[in-house]
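Source file: run-v6.cif. Holds: mmCIF, C-alpha atoms.
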```
data_coords
#
loop_
_atom_site.label_atom_id
_atom_site.label_comp_id
_atom_site.auth_asym_id
_atom_site.auth_seq_id
_atom_site.Cartn_x
_atom_site.Cartn_y
_atom_site.Cartn_z
CA MET A 1 0.00 0.00 0.00
CA THR A 2 1.35 3.40 -1.00
CA VAL A 3 1.55 5.97 1.81
CA GLU A 4 1.06 9.63 0.87
CA MET A 5 3.83 12.02 1.87
CA LEU A 6 2.64 15.41 3.11
CA TYR A 7 4.66 18.63 3.24
CA ASP A 8 4.33 22.07 4.82
CA GLN A 9 2.06 23.40 2.08
CA ASP A 10 -0.37 20.50 2.61
CA ILE A 11 -1.01 21.38 6.27
CA ASN A 12 -3.22 24.46 6.55
CA THR A 13 -5.33 23.95 9.70
CA THR A 14 -4.66 25.94 12.88
CA TYR A 15 -6.10 23.84 15.71
CA LEU A 16 -2.76 23.85 17.57
CA HIS A 17 -2.50 27.65 17.65
CA GLY A 18 -3.02 29.19 21.09
CA LYS A 19 -2.48 25.93 22.96
CA LYS A 20 0.11 25.52 25.70
CA ILE A 21 2.40 22.54 25.08
CA ALA A 22 4.16 20.78 27.95
CA PHE A 23 7.06 18.53 27.11
CA ILE A 24 7.49 15.85 29.74
CA GLY A 25 11.17 15.01 29.63
CA TYR A 26 14.04 17.05 28.23
CA GLY A 27 16.41 14.44 26.88
CA ALA A 28 17.46 13.98 23.27
CA GLN A 29 13.96 14.11 21.74
CA GLY A 30 12.49 16.38 24.39
CA HIS A 31 15.01 19.16 23.94
CA ALA A 32 14.81 18.97 20.14
CA GLN A 33 11.04 19.02 19.86
CA ALA A 34 10.58 21.66 22.57
CA ASN A 35 13.05 24.05 20.96
CA ASN A 36 11.66 23.43 17.48
CA LEU A 37 8.07 24.07 18.54
CA ARG A 38 9.06 27.19 20.47
CA ASP A 39 11.01 28.50 17.49
CA SER A 40 7.91 27.87 15.38
CA GLY A 41 6.00 30.29 17.60
CA PHE A 42 4.23 27.97 20.04
CA ASP A 43 3.84 28.36 23.81
CA VAL A 44 6.11 25.67 25.30
CA ILE A 45 6.89 24.70 28.89
CA ILE A 46 8.88 21.78 30.32
CA GLY A 47 7.90 19.21 32.92
CA ALA A 48 10.81 17.45 34.57
CA ARG A 49 12.30 16.16 37.78
CA PRO A 50 15.23 17.98 39.41
CA GLY A 51 18.53 17.08 37.77
CA LYS A 52 20.38 17.44 34.49
CA SER A 53 17.28 17.73 32.31
CA TRP A 54 15.71 20.41 34.52
CA GLU A 55 18.94 22.41 34.51
CA ALA A 56 19.40 22.03 30.73
CA ALA A 57 15.86 23.26 30.07
CA GLN A 58 16.40 26.29 32.30
CA ARG A 59 19.69 27.10 30.54
CA ASP A 60 17.81 26.99 27.26
CA GLY A 61 15.37 29.59 28.56
CA PHE A 62 12.28 27.48 29.25
CA ASP A 63 9.88 27.76 32.18
CA VAL A 64 10.36 24.43 33.97
CA PHE A 65 7.88 22.88 36.40
CA PRO A 66 7.43 19.60 38.23
CA THR A 67 5.79 17.16 35.85
CA ALA A 68 2.35 17.22 37.48
CA GLU A 69 2.22 21.03 37.46
CA ALA A 70 3.37 21.31 33.86
CA ALA A 71 0.83 18.73 32.72
CA LYS A 72 -2.00 20.48 34.55
CA GLN A 73 -1.12 23.83 32.96
CA ALA A 74 -0.96 22.47 29.44
CA ASP A 75 -3.46 21.74 26.69
CA TRP A 76 -1.04 19.34 24.97
CA ILE A 77 1.10 16.97 27.07
CA GLN A 78 3.93 15.49 24.99
CA ILE A 79 5.38 12.51 26.88
CA LEU A 80 9.01 11.95 25.90
CA THR A 81 10.51 10.07 28.84
CA PRO A 82 11.88 6.51 28.33
CA ASP A 83 9.21 3.95 27.46
CA GLU A 84 9.55 2.03 30.72
CA LEU A 85 9.05 5.16 32.86
CA GLN A 86 5.99 6.49 31.07
CA PRO A 87 3.30 4.33 32.76
CA GLU A 88 4.37 5.39 36.26
CA ILE A 89 4.77 9.04 35.32
CA TYR A 90 1.39 9.05 33.60
CA LYS A 91 -0.35 7.37 36.56
CA ASP A 92 1.34 9.38 39.32
CA GLU A 93 1.83 12.81 37.76
CA ILE A 94 -0.34 13.30 34.66
CA ALA A 95 -3.63 11.39 34.80
CA ALA A 96 -5.20 13.31 37.68
CA GLY A 97 -4.62 16.66 35.98
CA LEU A 98 -6.08 15.78 32.60
CA GLU A 99 -9.09 17.77 31.49
CA PRO A 100 -11.61 17.04 28.73
CA GLY A 101 -10.21 18.18 25.40
CA ASN A 102 -6.55 17.84 26.39
CA ILE A 103 -4.16 16.19 23.97
CA LEU A 104 -1.80 13.39 24.95
CA GLY A 105 1.13 13.24 22.53
CA PHE A 106 3.72 10.52 22.03
CA SER A 107 6.67 9.90 19.75
CA HIS A 108 6.47 6.12 20.01
CA GLY A 109 3.36 3.95 20.19
CA PHE A 110 4.70 1.44 22.74
CA ASN A 111 2.69 2.30 25.87
CA ILE A 112 -0.59 3.01 24.11
CA ASN A 113 -0.31 -0.03 21.84
CA TYR A 114 0.44 -2.42 24.71
CA LYS A 115 -2.04 -0.68 27.03
CA GLU A 116 0.55 0.22 29.63
CA ILE A 117 -1.19 3.61 29.45
CA VAL A 118 -4.98 3.67 29.06
CA PRO A 119 -6.12 7.29 28.62
CA PRO A 120 -9.62 8.55 29.40
CA LYS A 121 -12.08 8.79 26.53
CA ASP A 122 -12.36 12.57 26.63
CA VAL A 123 -8.85 13.41 25.37
CA ASP A 124 -7.16 13.22 21.99
CA VAL A 125 -4.27 10.75 21.74
CA VAL A 126 -1.84 11.40 18.91
CA MET A 127 1.68 10.61 17.79
CA MET A 128 4.46 12.42 15.95
CA ALA A 129 7.44 10.09 15.55
CA PRO A 130 10.55 11.60 13.93
CA LYS A 131 12.57 9.12 11.88
CA GLY A 132 15.84 10.26 13.36
CA PRO A 133 17.56 11.04 16.68
CA GLY A 134 16.73 14.21 18.58
CA ASN A 135 19.99 16.04 17.96
CA LEU A 136 19.52 15.55 14.21
CA CYS A 137 15.93 16.82 14.44
CA ARG A 138 17.18 19.98 16.11
CA ARG A 139 20.17 20.54 13.85
CA THR A 140 18.25 20.09 10.61
CA TYR A 141 15.45 22.37 11.87
CA MET A 142 18.01 25.10 12.57
CA GLU A 143 19.44 24.59 9.08
CA GLY A 144 16.00 25.26 7.59
CA PHE A 145 15.11 21.65 6.88
CA GLY A 146 13.94 18.75 9.06
CA VAL A 147 13.75 15.03 9.66
CA PRO A 148 10.85 13.04 8.15
CA ALA A 149 8.25 11.84 10.63
CA LEU A 150 5.24 9.59 11.07
CA TYR A 151 1.96 10.88 12.48
CA ALA A 152 -1.06 9.06 13.87
CA SER A 153 -4.29 9.51 15.77
CA TYR A 154 -5.27 6.82 18.27
CA GLN A 155 -8.21 8.58 19.92
CA ASP A 156 -10.11 11.47 18.34
CA TYR A 157 -12.19 13.21 21.00
CA SER A 158 -12.00 16.68 19.45
CA GLY A 159 -12.84 15.58 15.91
CA HIS A 160 -9.56 16.93 14.56
CA ALA A 161 -6.88 14.88 16.34
CA GLU A 162 -5.21 13.93 13.06
CA ASP A 163 -4.93 17.58 12.05
CA LEU A 164 -3.37 18.35 15.43
CA ALA A 165 -0.76 15.64 14.88
CA LYS A 166 0.07 17.03 11.45
CA GLU A 167 0.33 20.58 12.78
CA PHE A 168 2.62 19.39 15.57
CA ALA A 169 4.82 17.64 12.99
CA LYS A 170 4.90 20.81 10.90
CA GLY A 171 5.93 22.86 13.94
CA ASN A 172 8.75 20.42 14.56
CA GLY A 173 10.06 20.96 11.03
CA ALA A 174 9.24 17.41 9.95
CA ALA A 175 6.86 18.45 7.18
CA ARG A 176 9.73 20.27 5.48
CA ALA A 177 11.14 16.80 4.79
CA GLY A 178 7.79 14.97 4.60
CA ILE A 179 5.41 13.24 6.99
CA MET A 180 3.52 9.95 6.54
CA LYS A 181 0.38 8.64 8.20
CA THR A 182 0.56 5.48 10.31
CA THR A 183 -1.15 3.88 13.31
CA PHE A 184 0.13 3.37 16.83
CA LYS A 185 0.31 -0.39 16.23
CA GLU A 186 2.07 -0.16 12.87
CA GLU A 187 4.66 2.31 14.17
CA THR A 188 5.31 0.19 17.27
CA ASP A 189 5.64 -3.07 15.37
CA GLU A 190 7.90 -1.68 12.64
CA ASP A 191 10.02 0.41 15.00
CA LEU A 192 10.72 -2.47 17.39
CA PHE A 193 11.32 -4.87 14.51
CA GLY A 194 13.79 -2.53 12.83
CA GLU A 195 15.70 -1.84 16.03
CA GLN A 196 15.94 -5.47 17.11
CA ASN A 197 16.57 -7.22 13.81
CA VAL A 198 18.42 -4.72 11.63
CA LEU A 199 19.44 -1.31 12.94
CA MET A 200 20.75 -2.31 16.36
CA GLY A 201 20.39 -6.01 17.20
CA GLY A 202 21.20 -7.25 13.72
CA VAL A 203 24.03 -4.81 13.03
CA THR A 204 25.76 -5.24 16.39
CA ALA A 205 25.54 -9.04 16.20
CA LEU A 206 26.95 -8.95 12.68
CA ILE A 207 29.84 -6.69 13.71
CA GLU A 208 30.62 -8.76 16.82
CA THR A 209 30.59 -12.02 14.87
CA GLY A 210 32.81 -10.62 12.13
CA PHE A 211 35.26 -9.37 14.75
CA GLU A 212 35.34 -12.79 16.41
CA VAL A 213 35.93 -14.63 13.12
CA LEU A 214 38.88 -12.40 12.21
CA THR A 215 40.54 -12.37 15.63
CA GLU A 216 40.03 -16.10 16.21
CA ALA A 217 41.77 -16.65 12.88
CA GLY A 218 44.79 -14.72 14.20
CA TYR A 219 44.23 -11.30 12.64
CA SER A 220 44.97 -8.09 14.54
CA PRO A 221 42.03 -6.97 16.70
CA GLU A 222 42.83 -3.33 15.91
CA LEU A 223 42.63 -3.92 12.16
CA ALA A 224 39.55 -6.12 12.65
CA TYR A 225 37.85 -3.25 14.50
CA PHE A 226 38.49 -0.84 11.64
CA GLU A 227 37.30 -3.39 9.09
CA VAL A 228 34.00 -4.47 10.67
CA GLU A 229 32.96 -1.56 12.93
CA HIS A 230 34.65 1.72 12.04
CA GLU A 231 33.86 1.45 8.34
CA MET A 232 30.22 0.56 9.02
CA LYS A 233 29.31 4.25 9.30
CA LEU A 234 30.96 5.04 5.99
CA ILE A 235 29.03 2.31 4.20
CA CYS A 236 25.74 3.28 5.90
CA ASP A 237 26.26 6.92 4.90
CA LEU A 238 26.48 5.87 1.26
CA ILE A 239 23.31 3.77 1.55
CA TYR A 240 21.54 6.68 3.26
CA GLU A 241 22.55 9.03 0.45
CA GLY A 242 21.59 6.85 -2.51
CA GLY A 243 20.57 3.33 -1.56
CA PHE A 244 22.49 0.18 -2.39
CA ALA A 245 23.19 1.48 -5.90
CA LYS A 246 25.24 4.47 -4.70
CA MET A 247 27.05 2.35 -2.14
CA TYR A 248 28.10 -0.14 -4.80
CA ARG A 249 29.05 2.59 -7.26
CA ASP A 250 31.34 4.20 -4.70
CA CYS A 251 33.03 0.92 -3.75
CA SER A 252 35.18 -1.45 -5.79
CA ASN A 253 33.95 -4.07 -8.23
CA THR A 254 35.72 -6.65 -6.08
CA SER A 255 33.74 -5.67 -2.97
CA GLU A 256 30.47 -5.50 -4.90
CA TYR A 257 30.92 -8.94 -6.46
CA GLY A 258 31.94 -10.46 -3.14
CA SER A 259 28.94 -9.00 -1.34
CA TYR A 260 26.51 -10.55 -3.85
CA VAL A 261 28.17 -13.95 -3.39
CA GLN A 262 28.69 -14.00 0.38
CA GLY A 263 25.92 -11.78 1.79
CA PRO A 264 23.05 -14.22 1.22
CA LYS A 265 25.11 -16.99 2.86
CA VAL A 266 25.51 -14.95 6.05
CA VAL A 267 21.97 -13.54 6.20
CA ASN A 268 19.84 -16.37 4.88
CA GLU A 269 16.58 -18.27 5.37
CA THR A 270 17.57 -19.13 8.94
CA SER A 271 18.11 -15.43 9.65
CA LYS A 272 14.78 -14.59 8.02
CA GLN A 273 12.99 -17.18 10.14
CA ALA A 274 14.52 -15.68 13.29
CA MET A 275 13.28 -12.25 12.18
CA GLN A 276 9.79 -13.62 11.56
CA GLU A 277 9.74 -15.15 15.03
CA GLY A 278 10.94 -11.86 16.49
CA LEU A 279 8.15 -10.01 14.67
CA LYS A 280 5.56 -12.38 16.14
CA ARG A 281 6.84 -11.66 19.66
CA ILE A 282 6.43 -7.95 18.99
CA GLN A 283 2.95 -8.39 17.51
CA ASP A 284 1.59 -10.59 20.31
CA GLY A 285 3.08 -8.48 23.11
CA SER A 286 5.56 -11.11 24.35
CA PHE A 287 8.55 -8.82 23.90
CA ALA A 288 6.83 -5.88 25.60
CA LYS A 289 5.89 -8.05 28.58
CA GLU A 290 9.42 -9.41 28.90
CA PHE A 291 10.89 -5.91 28.71
CA MET A 292 8.52 -4.36 31.25
CA ASP A 293 8.88 -7.37 33.58
CA ASP A 294 12.65 -6.91 33.50
CA TYR A 295 12.27 -3.19 34.23
CA ARG A 296 10.00 -3.91 37.19
CA ASN A 297 12.56 -6.47 38.41
CA GLY A 298 15.32 -3.86 38.48
CA PHE A 299 16.50 -4.36 34.88
CA LYS A 300 18.61 -7.34 35.95
CA LYS A 301 18.74 -8.81 32.44
CA LEU A 302 19.32 -5.48 30.71
CA TYR A 303 22.17 -4.53 33.03
CA ALA A 304 23.75 -7.98 32.64
CA TYR A 305 23.59 -7.72 28.84
CA ARG A 306 25.03 -4.20 29.03
CA GLU A 307 27.90 -5.27 31.29
CA GLU A 308 28.77 -8.12 28.95
CA MET A 309 28.80 -5.74 25.99
CA GLU A 310 30.91 -3.12 27.78
CA ASN A 311 33.47 -5.73 28.81
CA SER A 312 33.75 -7.36 25.39
CA LYS A 313 37.07 -7.36 23.57
CA LEU A 314 35.56 -5.44 20.66
CA GLN A 315 34.28 -2.64 22.91
CA LYS A 316 37.61 -2.34 24.72
CA ILE A 317 39.63 -2.24 21.50
CA GLY A 318 37.19 0.29 20.06
CA ASN A 319 37.44 2.48 23.17
CA GLU A 320 41.23 2.56 22.84
CA LEU A 321 41.15 3.45 19.17
CA ARG A 322 38.33 6.01 19.43
CA ALA A 323 40.29 7.78 22.18
CA LYS A 324 42.89 8.55 19.52
CA MET A 325 40.20 9.91 17.18
CA PRO A 326 38.62 12.87 19.04
CA PHE A 327 36.48 13.72 16.01
CA VAL A 328 34.25 10.71 16.79
CA ASN A 329 33.77 11.56 20.47
CA ALA A 330 31.54 14.62 20.48
CA ALA A 331 29.76 14.96 23.84
CA ASP A 332 25.97 14.85 24.02
CA LYS A 333 24.65 17.18 26.69
CA TYR A 334 21.10 15.83 26.29
CA SER A 335 21.96 12.13 26.75
CA ASP A 336 20.20 11.57 30.08
#
```

Please render this file's structure as structure tokens.
Amino acid sequence: MTVEMLYDQDINTTYLHGKKIAFIGYGAQGHAQANNLRDSGFDVIIGARPGKSWEAAQRDGFDVFPTAEAAKQADWIQILTPDELQPEIYKDEIAAGLEPGNILGFSHGFNINYKEIVPPKDVDVVMMAPKGPGNLCRRTYMEGFGVPALYASYQDYSGHAEDLAKEFAKGNGAARAGIMKTTFKEETDEDLFGEQNVLMGGVTALIETGFEVLTEAGYSPELAYFEVEHEMKLICDLIYEGGFAKMYRDCSNTSEYGSYVQGPKVVNETSKQAMQEGLKRIQDGSFAKEFMDDYRNGFKKLYAYREEMENSKLQKIGNELRAKMPFVNAADKYSD
């Protein structure tokens, strides 16, 4: 099914004008969206807990309030804290202050789709999900462009929830690049699938395995790092710019031929079956339950996985080499 791409000129309603928007959370996405919407002329405040995010929002010139107070003041409450924290924050600090006609906004469908958050019937529930990290959303907005985004309406109390989502995307600069309609379920399923099987889980497993094969065969771990991890960005940049065709054009005939021969042997029907099984776990809620159960158990599994990753030979070699390349170590002041 073809999805229509909308741009600034296609969005002409003004339902968002005059509304106060509270961003709950001021991390990577929170700071980007809040600054973009403010620069687009909207009334923006921040809801946060004391700490780095609160201080960063104040430095950026925002009025900052405890989450419950910010939510009660606002017409639109944009919840941008980590997925696992949202149900508690919603229950303890947002739900009681909601009024009929308020808008609950999200940038990921996780908690609505899996019913970790069940909003009242008298509010709009919408989504604007940028297809890029927060710092990129902010930088491209300031450059006069934007990052493409998805928009959706889950609950339409006002009768124009979808228009509100599109206007919010336009204010964020996303409609300069193009926005596409989706649903909370579709965005959740595809986002989790992409992260787990390709963009993060698949890529990191591929890099780690390639590193192991080379080093176990006696090759230098430093050279193996450059070959399977460092160059990954360069290849992905080419794909981003012009698809597989540009990537192959800009690389050697030898590498292109070899990739056609070997790639399908590495990622094959067994890999596809594992992806299909992973998609089913996303669709039926098994993954979400496992993730939230681990969070409520103190993230024991997550922290164990993270410790194993941080102590791996690949990570340690990479840390040593990246320390000698300061151009790849730019600090992120909105990382919390």

Could you expand the PyMOL selection byres ((chain A and resi 226) around 12) into the explicit residues it covers here, written as a PyMOL selection string?
chain A and resi 207+210-211+214+219-225+227-234+314+317-318+321-322

Residue members of the PyMOL selection byres ((chain A and resi 179-186) around 8) in the file shown, as a list in words
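Residues picked by the PyMOL selection byres ((chain A and resi 179-186) around 8): Val3, Glu4, Met5, Leu6, Tyr7, His108, Gly109, Phe110, Ile112, Asn113, Met127, Pro148, Ala149, Leu150, Tyr151, Ala152, Ser153, Tyr154, Lys166, Ala169, Ala174, Ala175, Ala177, Gly178, Glu187, Thr188, Asp189 and Glu190 of chain A.
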
Test item: residues at most 12 Å from segment 52-55 of chain A, all atoms listed in the file, excluding those fewer than 6 positions along its chain, as a PyMOL selection string
chain A and resi 23-31+45-46+61-67+80-81+333-336

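Proximity to Ile77 of chain A was assessed for A:Arg281, A:Arg38, A:Arg139, A:Lys20 counting only C-alpha atoms; the smallest distance is recorded for A:Lys20.
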
Restricting the calculation to all atoms listed in the file, which member of A:Phe106, A:Tyr260, A:Phe145, A:Gln9 is positioned closest to Phe168 of chain A?
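Looking at the shortest contact to Phe168 of chain A, the residue is A:Phe106.
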
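Among the candidates A:Ala71, A:Pro326, A:Asp60, A:Met309, the one nearest to Ala205 of chain A when counting only C-alpha atoms is A:Met309.
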
So what does the PyMOL selection byres ((chain A and resi 13) around 8) actually pick up in this one, as a count of residues only?
6

At what distance in Å, to one decimal, does atom CA of Ser255 of chain A lie from atom CA of Met275 of chain A?
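Calculated distance between atom CA of Met275 of chain A and atom CA of Ser255 of chain A is 26.3 Å.
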
Near-Asn319 of chain A list (10 Å; all atoms listed in the file; drop same-chain fewer than 6 positions) as an mmCIF file with C-alpha atoms, in the coordinates of the input:
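Okay, this is what ended up in out-v3.cif:
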```
data_model
loop_
_atom_site.group_PDB
_atom_site.id
_atom_site.type_symbol
_atom_site.label_atom_id
_atom_site.label_comp_id
_atom_site.auth_asym_id
_atom_site.auth_seq_id
_atom_site.Cartn_x
_atom_site.Cartn_y
_atom_site.Cartn_z
ATOM 1 C CA GLU A 310 30.910 -3.120 27.780
ATOM 2 C CA LYS A 313 37.070 -7.360 23.570
ATOM 3 C CA MET A 325 40.200 9.910 17.180
#
```

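Of the listed residues A:Lys170, A:Glu256, A:Ala274, A:Gln196, the one whose atoms come nearest to Asp10 of chain A is A:Lys170, with distances taken using all atoms listed in the file.
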
Distance of atom CA of Cys251 of chain A from atom CA of Leu238 of chain A, expressed in Å to one decimal place:
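Interatomic distance, atom CA of Leu238 of chain A to atom CA of Cys251 of chain A: 9.6 Å.
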
Using the file's own x, y and z axes, what box holds all listed atoms of segment 173-192 of chain A with 4 Å on each side, keeping edges along x, y and z, and what are its centre and edge lengths in Å to one decimal, as lines of an AutoDock Vina configuration file?
```
center_x = 5.0
center_y = 8.9
center_z = 11.0
size_x = 20.3
size_y = 32.0
size_z = 20.8
```

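Atom pair atom CA of Phe193 of chain A / atom CA of Phe287 of chain A: separated by 10.6 Å.
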
Residues at most 9 Å from segment 86-90 of chain A, counting all atoms listed in the file, excluding those fewer than 6 positions away in the same chain, as an NGL selection string?
:A and (67-68 or 79-80 or 96 or 111 or 116-117)
